[in-house]
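Chemist: What follows is a single structure, and I will ask about it in a moment.
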Amino acid sequence: MIRFLFKGIIRDKNRSLLPVLVISIGVFLTVLGSCWFKGIFSDMIDVNANFSTGHVKIMSRAYADNAGQMPNDLALSEAGQLVEELQTAYPGLEWVQRIHFGGLLDVPDEAGETRGQGMATGWGIDFFSPGTQEPQRMNIPGSIVKGALPARPGEALISHEFAERFGIGIGDTVTLFGSTMYGGMAFANFTVAGAVRFGMRALDRGAIIIDITDAQAALDMADAAGEILGFFRDGRYDGARALQLKTDFNARYESETDEFAPLMLRLNDQNGLEDYLALSESISGIMIFIFVLAMSIVLWNTGLLGGLRRYNEFGIRLAMGEEKKHIYRTLIIESVLIGAIGSVVGTALGLAAALPLQEYGLSFGSAVQGGGIMMPEVFRTRVGPEAFYIGFIPGLVSMVLGNALSGIGIYRRRTAVLFKELSV
Amino acid sequence: MESIIQIEKLTKRFPVGTGEFTALKDINLAFGKGEFTGFVGPSGSGKTTLLNIIGSLDTPTEGEVTVLGHSIAHLTHRQSAKLRNQHLGFIFQTYNLFPVYTVYENVEFALLLQQMPAAERRKAVLDALEWVGLTDKAHSRPAQLSGGEGQRVAIARAMVKRPAIMLADEPTANLDSKNSHHILQTMAQLNKELKTTFLFATHDEKVMAYLRRIISLEDGRVVKDEAMTPQRQPGV
C-alpha cells in the first residue's frame, strides 16, 4: 500500500509539488536559521570567553565581587604557583594569567610635553612565553591594522581609533598612568608596536595591550594576576564539565574568611552569559516551533484544497469498503512521505547554504559598530550534527499536522449520498 | 433458489425541513444468486435509495434488509465497510477512476485493500482486465481511455474481487449506444460465467433489454415485479 501511495505522490504534482516546496523552504530556513543563530551565539560566547570570561575564570573572592571595577588591589598573589597547581590538577584546560586594568594614556610630543590624553582599558596578556596561544585567542594578529605584534618587553599595542585620534604612529611612545596593586600611582612608558581594531566598540574606543610581565612591573603586581582564565583544550565550552570543575575547585579552595582565597566562576556565571547560553540552547526549539506553526497553517489549507480535489477518490474508496480510519491513515502516511521528501530536499539546501557560511561568514562590520556588547564583525553559521536532522522535525510534524487537520473531513463524509455524489 | 438478499417491510424516510420525505415504503423483495435484475422507475421513485441500503451505504428506517446473512440495520461502520470490501461491487454513472494511477493499478486497488498477496493479486487483475477486454490498456492512464473503456475499467475494478453482488447505478448514462451495449454484454457475460448477482438502477431501455427481472418502483413502492425474457443475451 505504501508503494501505491508513493506512486500517487510522485505522479500527482498537485498532491506533492506545493507541499514539498513549502516544506523544503521551511526546512531550508530552519536548518540555515538554526545554524546561523547557533553560529552567532557561539561566536559571541567565544568572543566573550576569549576576551573576558574564559571557559572558567579564577579570581580572588573580593575581586569577583567587584570585577567590573578591575580592582587589582584585590588580585591573586602567587599566581604562578596557582597556575602550576591548576595545570597539575586540571590538565584538560589551558591556564593563563591576565591583568585587566584601567588607566590614562598620555601621548607626549617631541619635547616630552603632553600632546593628548585619553582613558584606556588595558590588558596584560602572555605575549612571549613559548607556545602561548593568547594573541591568537584574542585574534590579535588578525586585528592589527598597522604595525606588528610586540616583539620584546616594553612594546604595546593600542587601539587604532585611539591612535588615529591622537596621531600616534608606530614606534611612538605612550605613557600609561594607572594605580599599583597597593594603591600607589603607577606610570610606565611603552613603545607602540602596532594598532589594532577588533570591530567591537567596547574594545576599540581606547585600549592598550601589553605583555603580562610588563603589566606586573608597571602596576607593581609581582607574581600577581587579576584573573586566571582556563580554556578547554578543544576550544569548545562544555557547561557541564565546567560546573564539575568549578564545584571541585571551589570545594578545594573554600574559605569563608579569606577574601583573597581563589574562587572559580564558569562562563555562564559571568557577564549575563547564562541567558545567552540558554537562548543558544533553545534557539533550535524556537525555530522549530515557529516553522511548525507557520507551515502547518499553510499545509492545512493545502490539505483542505487537496481534500476537495480528491473528494471523488475518497468517496469511491469508501464505497469500495475502505474504512474511514484507513483512508485517514493513508493520508497521514502520504504526509509522512511528502514530509520526508521535503525535509531531505530542504536539509540538503540548508546545509549547502550553511557550510560555506561556516567557512567564510558574512561581514556585518558597520552594523555591529557602536554597541557596547562584545560581538564579532563576521557572523558565521555553525553546522553541528543536529543540522542534519533538525529540519525533519518541522518538515514532518507540520505536514502530518496539516494533513491530520484537513483529513478530519473524511470522518464527516456520509456514505448514504455516495451514489448521488459519484454520479455527477 | 436460495435468497442472498432479503428485504422485508423496508421503509426509508429522510428528514426534510421540519417534516419527513418517505423514499421507500413497505418494500418486500428477495434476490437469489446470479440474478440480473433492474429497478426501474422515474426520478425520485427510490431506485438509488434501495441500492444504497442493499449496498450497506445507508440503513433502513423500518423493516429488515439482510444481505448475505448480514442485517444491514445492525452493522457497525466497520462491518458494513468489510461487507462492501469483500462481497459487494459498485458501478457508478461516472467511472470515478483514480486519475493518477494506471488501469492496472486502478483495478489492483480493490485487492490491496484486501491485502491479497502480490502474485495472486497480479493474476486476479490480469484476469479482470481480460474479462473486460482491456489487457492492452493495462498501463494506460484513465485520461487516455474512451468513455466506454473507462466504464469497463470500473467494471473490472468492481469485479476483480469476485463480489457476490454488483450494484450499478445508471451505468450506461454517459455512454453512447454502441458502448452501452458493449458494457452490458460484458456484465451479462460475467453474470453468466461467475454467477454474480447484478442489481441495476436504471431507466435506460438498453439496460432493460438485458434484464431477466424488472422491478418497477413508483413513489417509493414496488408497483410491478416481473420476470423477463431478455431481448439481448451475452454474445448476441
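Ordered as shown in the C-alpha cells, chains take letters A, B, and onward, while each chain numbers its residues from 1 and ligands are numbered from 1 in the order shown.
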Among region 113-153 of chain A, which residues does DSSP mark as strand (DSSP E) when it is run on the backbone? Keep the chain and numbering as in the structure and answer as a list in words.
Modeler: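 So, restricting region 113-153 of chain A to strand (DSSP E), we get Thr114, Arg115, Gly116, Gln117, Gly118, Met119, Ala120, Thr121, Gly122, Trp123, Gly124, Ile125, Ile144, Val145, Lys146 and Gly147 of chain A.
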Chemist: Set out as a tab-separated table a contact list for chain B and chain A with a cut-off of 8 Å, giving each residue of chain B that qualifies its closest atom pair and distance in Å to one decimal, counting only C-alpha atoms, ordered by chain and rising residue number.
Modeler:
residue	atom	partner	partner_atom	distance
B:Thr48	CA	A:Phe419	CA	7.1
B:Asn52	CA	A:Ala416	CA	6.3
B:Leu57	CA	A:Ala416	CA	4.9
B:Asp58	CA	A:Ala416	CA	4.7
B:His77	CA	A:Glu323	CA	7.8
B:Arg78	CA	A:Glu323	CA	6.4
B:Ser80	CA	A:Gly321	CA	7.6
B:Ala81	CA	A:Gly321	CA	4.2
B:Lys82	CA	A:Gly321	CA	5.8
B:Leu83	CA	A:Gly321	CA	7.1
B:Arg84	CA	A:Gly321	CA	4.7
B:Asn85	CA	A:Gly321	CA	4.0
B:Gln86	CA	A:Gly321	CA	7.7
B:Leu88	CA	A:Met320	CA	7.8
B:Gly89	CA	A:Met320	CA	6.9
B:Phe90	CA	A:Met320	CA	7.1
B:Phe92	CA	A:Ser423	CA	5.9
B:Gln93	CA	A:Ser423	CA	4.9
B:Thr94	CA	A:Ser423	CA	5.3
B:Asn96	CA	A:Asn312	CA	6.7
B:Leu97	CA	A:Glu313	CA	7.7
B:Phe98	CA	A:Glu313	CA	6.4
B:Val100	CA	A:Asp12	CA	6.1
B:Tyr101	CA	A:Gly8	CA	6.9
B:Ala110	CA	A:Met320	CA	7.0
B:Leu112	CA	A:Met1	CA	6.5
B:Leu113	CA	A:Glu322	CA	6.8
B:Ala158	CA	A:Met320	CA	8.0
B:Asp169	CA	A:Phe419	CA	7.3
Chemist: Considering only C-alpha atoms, return as a ChimeraX atom specification whatever protein or nucleic-acid residues lie within 7 Å of Asp126 (chain A), sequence-local ones (same chain, fewer than 3 positions apart) excluded.
Modeler: /A:129,132,134,211-212
Chemist: List as a CSV table (one decimal) with N, CA and C atoms, in the first residue's frame the protein and nucleic acid residues near region 204-221 of chain B, meaning an atom at most 9 Å away when only C-alpha atoms are counted, but skip any in the same chain fewer than 5 places from it.
Modeler:
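This went into result_18.csv:
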chain,number,residue,atom,x,y,z
B,11,THR,N,-38.9,0.4,5.0
B,11,THR,CA,-39.3,1.8,4.8
B,11,THR,C,-38.1,2.7,5.1
B,12,LYS,N,-37.9,3.7,4.2
B,12,LYS,CA,-36.9,4.7,4.4
B,12,LYS,C,-37.4,6.1,4.3
B,22,THR,N,-40.7,10.3,2.5
B,22,THR,CA,-40.7,8.8,2.5
B,22,THR,C,-40.1,8.4,1.1
B,23,ALA,N,-38.9,7.9,1.1
B,23,ALA,CA,-38.3,7.5,-0.1
B,23,ALA,C,-38.7,6.0,-0.5
B,24,LEU,N,-38.8,5.2,0.5
B,24,LEU,CA,-39.2,3.8,0.2
B,24,LEU,C,-40.3,3.4,1.2
B,25,LYS,N,-41.3,2.7,0.8
B,25,LYS,CA,-42.5,2.4,1.7
B,25,LYS,C,-42.8,0.9,1.5
B,26,ASP,N,-42.6,0.2,2.6
B,26,ASP,CA,-43.1,-1.2,2.8
B,26,ASP,C,-42.7,-2.1,1.6
B,27,ILE,N,-41.4,-2.1,1.4
B,27,ILE,CA,-40.8,-2.9,0.3
B,27,ILE,C,-40.6,-4.4,0.8
B,35,GLU,N,-28.8,-13.4,-10.1
B,35,GLU,CA,-29.9,-12.6,-10.8
B,35,GLU,C,-29.3,-11.5,-11.6
B,36,PHE,N,-30.1,-11.1,-12.6
B,36,PHE,CA,-29.7,-9.9,-13.4
B,36,PHE,C,-30.9,-9.0,-13.5
B,37,THR,N,-31.0,-8.2,-12.4
B,37,THR,CA,-32.3,-7.6,-12.1
B,37,THR,C,-32.1,-6.0,-12.2
B,38,GLY,N,-33.2,-5.4,-12.6
B,38,GLY,CA,-33.1,-3.9,-12.6
B,38,GLY,C,-34.3,-3.3,-11.8
B,39,PHE,N,-34.0,-2.2,-11.1
B,39,PHE,CA,-35.0,-1.3,-10.6
B,39,PHE,C,-35.3,-0.2,-11.5
B,40,VAL,N,-36.5,-0.1,-12.0
B,40,VAL,CA,-36.8,0.9,-13.0
B,40,VAL,C,-37.9,1.9,-12.4
B,41,GLY,N,-37.9,3.0,-12.9
B,41,GLY,CA,-38.9,4.0,-12.4
B,41,GLY,C,-38.4,5.4,-12.6
B,42,PRO,N,-39.3,6.4,-12.5
B,42,PRO,CA,-38.9,7.7,-12.7
B,42,PRO,C,-37.9,8.2,-11.6
B,44,GLY,N,-36.7,9.9,-8.4
B,44,GLY,CA,-37.4,10.1,-7.1
B,44,GLY,C,-38.3,8.9,-6.8
B,45,SER,N,-38.2,7.8,-7.6
B,45,SER,CA,-39.0,6.7,-7.2
B,45,SER,C,-38.4,5.8,-6.1
B,46,GLY,N,-37.1,6.0,-5.9
B,46,GLY,CA,-36.5,5.3,-4.7
B,46,GLY,C,-35.5,4.2,-5.2
B,47,LYS,N,-35.1,4.2,-6.5
B,47,LYS,CA,-34.2,3.2,-7.0
B,47,LYS,C,-32.8,3.3,-6.3
B,170,GLU,N,-27.3,3.5,-13.0
B,170,GLU,CA,-27.3,4.1,-14.3
B,170,GLU,C,-25.9,3.9,-15.0
B,171,PRO,N,-25.4,2.7,-15.1
B,171,PRO,CA,-24.0,2.5,-15.6
B,171,PRO,C,-23.8,3.0,-17.1
B,172,THR,N,-24.9,3.1,-17.8
B,172,THR,CA,-24.8,3.5,-19.2
B,172,THR,C,-25.1,4.9,-19.5
B,173,ALA,N,-25.4,5.7,-18.5
B,173,ALA,CA,-26.0,7.0,-18.7
B,173,ALA,C,-25.0,7.9,-19.5
B,177,SER,N,-24.7,4.5,-27.6
B,177,SER,CA,-25.4,3.2,-27.8
B,177,SER,C,-24.5,2.0,-27.9
B,180,SER,N,-22.7,1.4,-24.7
B,180,SER,CA,-23.6,0.8,-23.7
B,180,SER,C,-23.8,-0.7,-23.9
B,181,HIS,N,-24.0,-1.1,-25.1
B,181,HIS,CA,-24.2,-2.5,-25.4
B,181,HIS,C,-23.0,-3.3,-25.1
B,184,LEU,N,-22.9,-3.7,-21.3
B,184,LEU,CA,-23.9,-4.6,-20.9
B,184,LEU,C,-23.6,-6.0,-21.3
B,185,GLN,N,-23.0,-6.2,-22.4
B,185,GLN,CA,-22.6,-7.5,-22.9
B,185,GLN,C,-21.6,-8.1,-21.9
B,188,ALA,N,-23.3,-9.0,-18.6
B,188,ALA,CA,-24.1,-10.2,-18.8
B,188,ALA,C,-23.3,-11.4,-18.8
B,226,GLU,N,-41.6,-8.3,-12.3
B,226,GLU,CA,-41.9,-9.3,-13.3
B,226,GLU,C,-40.6,-9.9,-13.9
B,227,ALA,N,-40.7,-11.2,-14.1
B,227,ALA,CA,-39.6,-11.9,-14.7
B,227,ALA,C,-39.7,-11.6,-16.2
B,228,MET,N,-38.5,-11.5,-16.8
B,228,MET,CA,-38.5,-11.1,-18.2
B,228,MET,C,-37.7,-12.2,-19.0
B,229,THR,N,-38.0,-12.2,-20.3
B,229,THR,CA,-37.1,-13.0,-21.2
B,229,THR,C,-36.2,-11.9,-21.8
B,230,PRO,N,-35.0,-12.0,-21.5
B,230,PRO,CA,-34.1,-10.9,-22.1
B,230,PRO,C,-34.1,-10.8,-23.6
B,231,GLN,N,-34.3,-9.6,-24.1
B,231,GLN,CA,-34.2,-9.4,-25.5
B,231,GLN,C,-32.8,-9.5,-26.1
B,232,ARG,N,-31.8,-9.2,-25.2
B,232,ARG,CA,-30.4,-9.3,-25.6
B,232,ARG,C,-29.8,-10.3,-24.7
B,233,GLN,N,-28.9,-11.1,-25.2
B,233,GLN,CA,-28.2,-12.1,-24.4
B,233,GLN,C,-26.7,-11.9,-24.6
B,234,PRO,N,-25.9,-12.4,-23.6
B,234,PRO,CA,-24.4,-12.2,-23.8
B,234,PRO,C,-24.0,-12.8,-25.1
Chemist: Write out as a PyMOL selection string each polymer residue whose atoms come within 8 Å of region 43-59 of chain A, counting only C-alpha atoms; drop sequence neighbours fewer than 6 positions from it.
Modeler: chain A and resi 75-76+137-138+226-232+237+242+246+262-267+270-271+273+276-277+374-376+379-380
Chemist: Hey, what does DSSP flag as alpha helix (DSSP H) within region 111-220 of chain B? Can you give it to me as a VMD selection string?
Modeler: chain B and resid 111 to 113 118 to 131 147 to 159 177 to 194 205 to 208
Chemist: Given only C-alpha atoms as the basis, pick out the residue of B:Leu68, B:Ala124, B:Leu194, B:Leu75 nearest to Leu111 (chain B).
Modeler: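 Nearest to Leu111 (chain B): B:Ala124.
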Chemist: Got a sec: who's within 10 Å of Leu355 (chain A), counting only C-alpha atoms, leaving out chain neighbours fewer than 5 positions off, as a ChimeraX atom specification?
Modeler: /A:32,35,350,360-361,380-383
Chemist: What's the separation between CA of Ala89 (chain A) and CA of Asn268 (chain A), in Å to one decimal place?
Modeler: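 Separation between CA of Ala89 (chain A) and CA of Asn268 (chain A): 21.9 Å.
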Chemist: In Å to one decimal, how far is CA of Phe198 (chain B) from CA of Met159 (chain B)?
Modeler: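 Those two atoms sit 11.0 Å apart.
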Chemist: Expressed in Å to a single decimal, how great is the separation between CA of Trp95 (chain A) and CA of Pro135 (chain A)?
Modeler: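 Value for the CA of Trp95 (chain A)-CA of Pro135 (chain A) distance: 14.2 Å.
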Chemist: I want to know what sits within 9 Å of Pro60 (chain B), based on only C-alpha atoms, with residues of the same chain fewer than 3 positions away left out; could you give that as a PyMOL selection string?
Modeler: chain B and resi 10-13+53+63-65+72-73
Chemist: Keeping N, CA, C and O atoms for every residue in the selection just given, could you write it to a file as a PDB file, in the first residue's frame?
Modeler:
ATOM      1  N   LEU B  10     -39.477  -2.912   4.237  1.00  0.00           N
ATOM      2  CA  LEU B  10     -38.490  -1.816   4.274  1.00  0.00           C
ATOM      3  C   LEU B  10     -39.151  -0.463   4.038  1.00  0.00           C
ATOM      4  O   LEU B  10     -39.862  -0.264   3.044  1.00  0.00           O
ATOM      5  N   THR B  11     -38.884   0.442   4.966  1.00  0.00           N
ATOM      6  CA  THR B  11     -39.310   1.837   4.794  1.00  0.00           C
ATOM      7  C   THR B  11     -38.094   2.721   5.054  1.00  0.00           C
ATOM      8  O   THR B  11     -37.325   2.469   5.981  1.00  0.00           O
ATOM      9  N   LYS B  12     -37.948   3.712   4.196  1.00  0.00           N
ATOM     10  CA  LYS B  12     -36.853   4.665   4.408  1.00  0.00           C
ATOM     11  C   LYS B  12     -37.412   6.074   4.335  1.00  0.00           C
ATOM     12  O   LYS B  12     -38.042   6.459   3.341  1.00  0.00           O
ATOM     13  N   ARG B  13     -37.186   6.809   5.396  1.00  0.00           N
ATOM     14  CA  ARG B  13     -37.634   8.209   5.435  1.00  0.00           C
ATOM     15  C   ARG B  13     -36.428   9.123   5.647  1.00  0.00           C
ATOM     16  O   ARG B  13     -35.498   8.772   6.371  1.00  0.00           O
ATOM     17  N   ILE B  53     -29.168   1.060   0.328  1.00  0.00           N
ATOM     18  CA  ILE B  53     -29.404   0.243   1.524  1.00  0.00           C
ATOM     19  C   ILE B  53     -28.885  -1.176   1.296  1.00  0.00           C
ATOM     20  O   ILE B  53     -28.219  -1.748   2.167  1.00  0.00           O
ATOM     21  N   GLY B  63     -38.097  -1.878   9.068  1.00  0.00           N
ATOM     22  CA  GLY B  63     -38.007  -3.115   8.305  1.00  0.00           C
ATOM     23  C   GLY B  63     -36.626  -3.734   8.394  1.00  0.00           C
ATOM     24  O   GLY B  63     -35.748  -3.247   9.119  1.00  0.00           O
ATOM     25  N   GLU B  64     -36.465  -4.797   7.638  1.00  0.00           N
ATOM     26  CA  GLU B  64     -35.230  -5.580   7.752  1.00  0.00           C
ATOM     27  C   GLU B  64     -34.656  -5.841   6.363  1.00  0.00           C
ATOM     28  O   GLU B  64     -35.373  -6.265   5.453  1.00  0.00           O
ATOM     29  N   VAL B  65     -33.396  -5.553   6.203  1.00  0.00           N
ATOM     30  CA  VAL B  65     -32.698  -5.885   4.961  1.00  0.00           C
ATOM     31  C   VAL B  65     -31.518  -6.772   5.316  1.00  0.00           C
ATOM     32  O   VAL B  65     -30.667  -6.385   6.111  1.00  0.00           O
ATOM     33  N   ILE B  72     -28.459  -5.341   7.633  1.00  0.00           N
ATOM     34  CA  ILE B  72     -27.861  -4.025   7.328  1.00  0.00           C
ATOM     35  C   ILE B  72     -28.066  -3.030   8.477  1.00  0.00           C
ATOM     36  O   ILE B  72     -27.189  -2.228   8.792  1.00  0.00           O
ATOM     37  N   ALA B  73     -29.231  -3.113   9.114  1.00  0.00           N
ATOM     38  CA  ALA B  73     -29.547  -2.149  10.181  1.00  0.00           C
ATOM     39  C   ALA B  73     -28.615  -2.295  11.376  1.00  0.00           C
ATOM     40  O   ALA B  73     -28.417  -1.347  12.134  1.00  0.00           O
TER      41      ALA B  73
END
Chemist: Let me make sure I understand: among A:Thr175, A:Asn301, A:Asn139, A:Gln87, which one has the smallest atom-to-atom distance to Pro108 (chain A) if we use only C-alpha atoms?
Modeler: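 Smallest distance to Pro108 (chain A) is found for A:Thr175.
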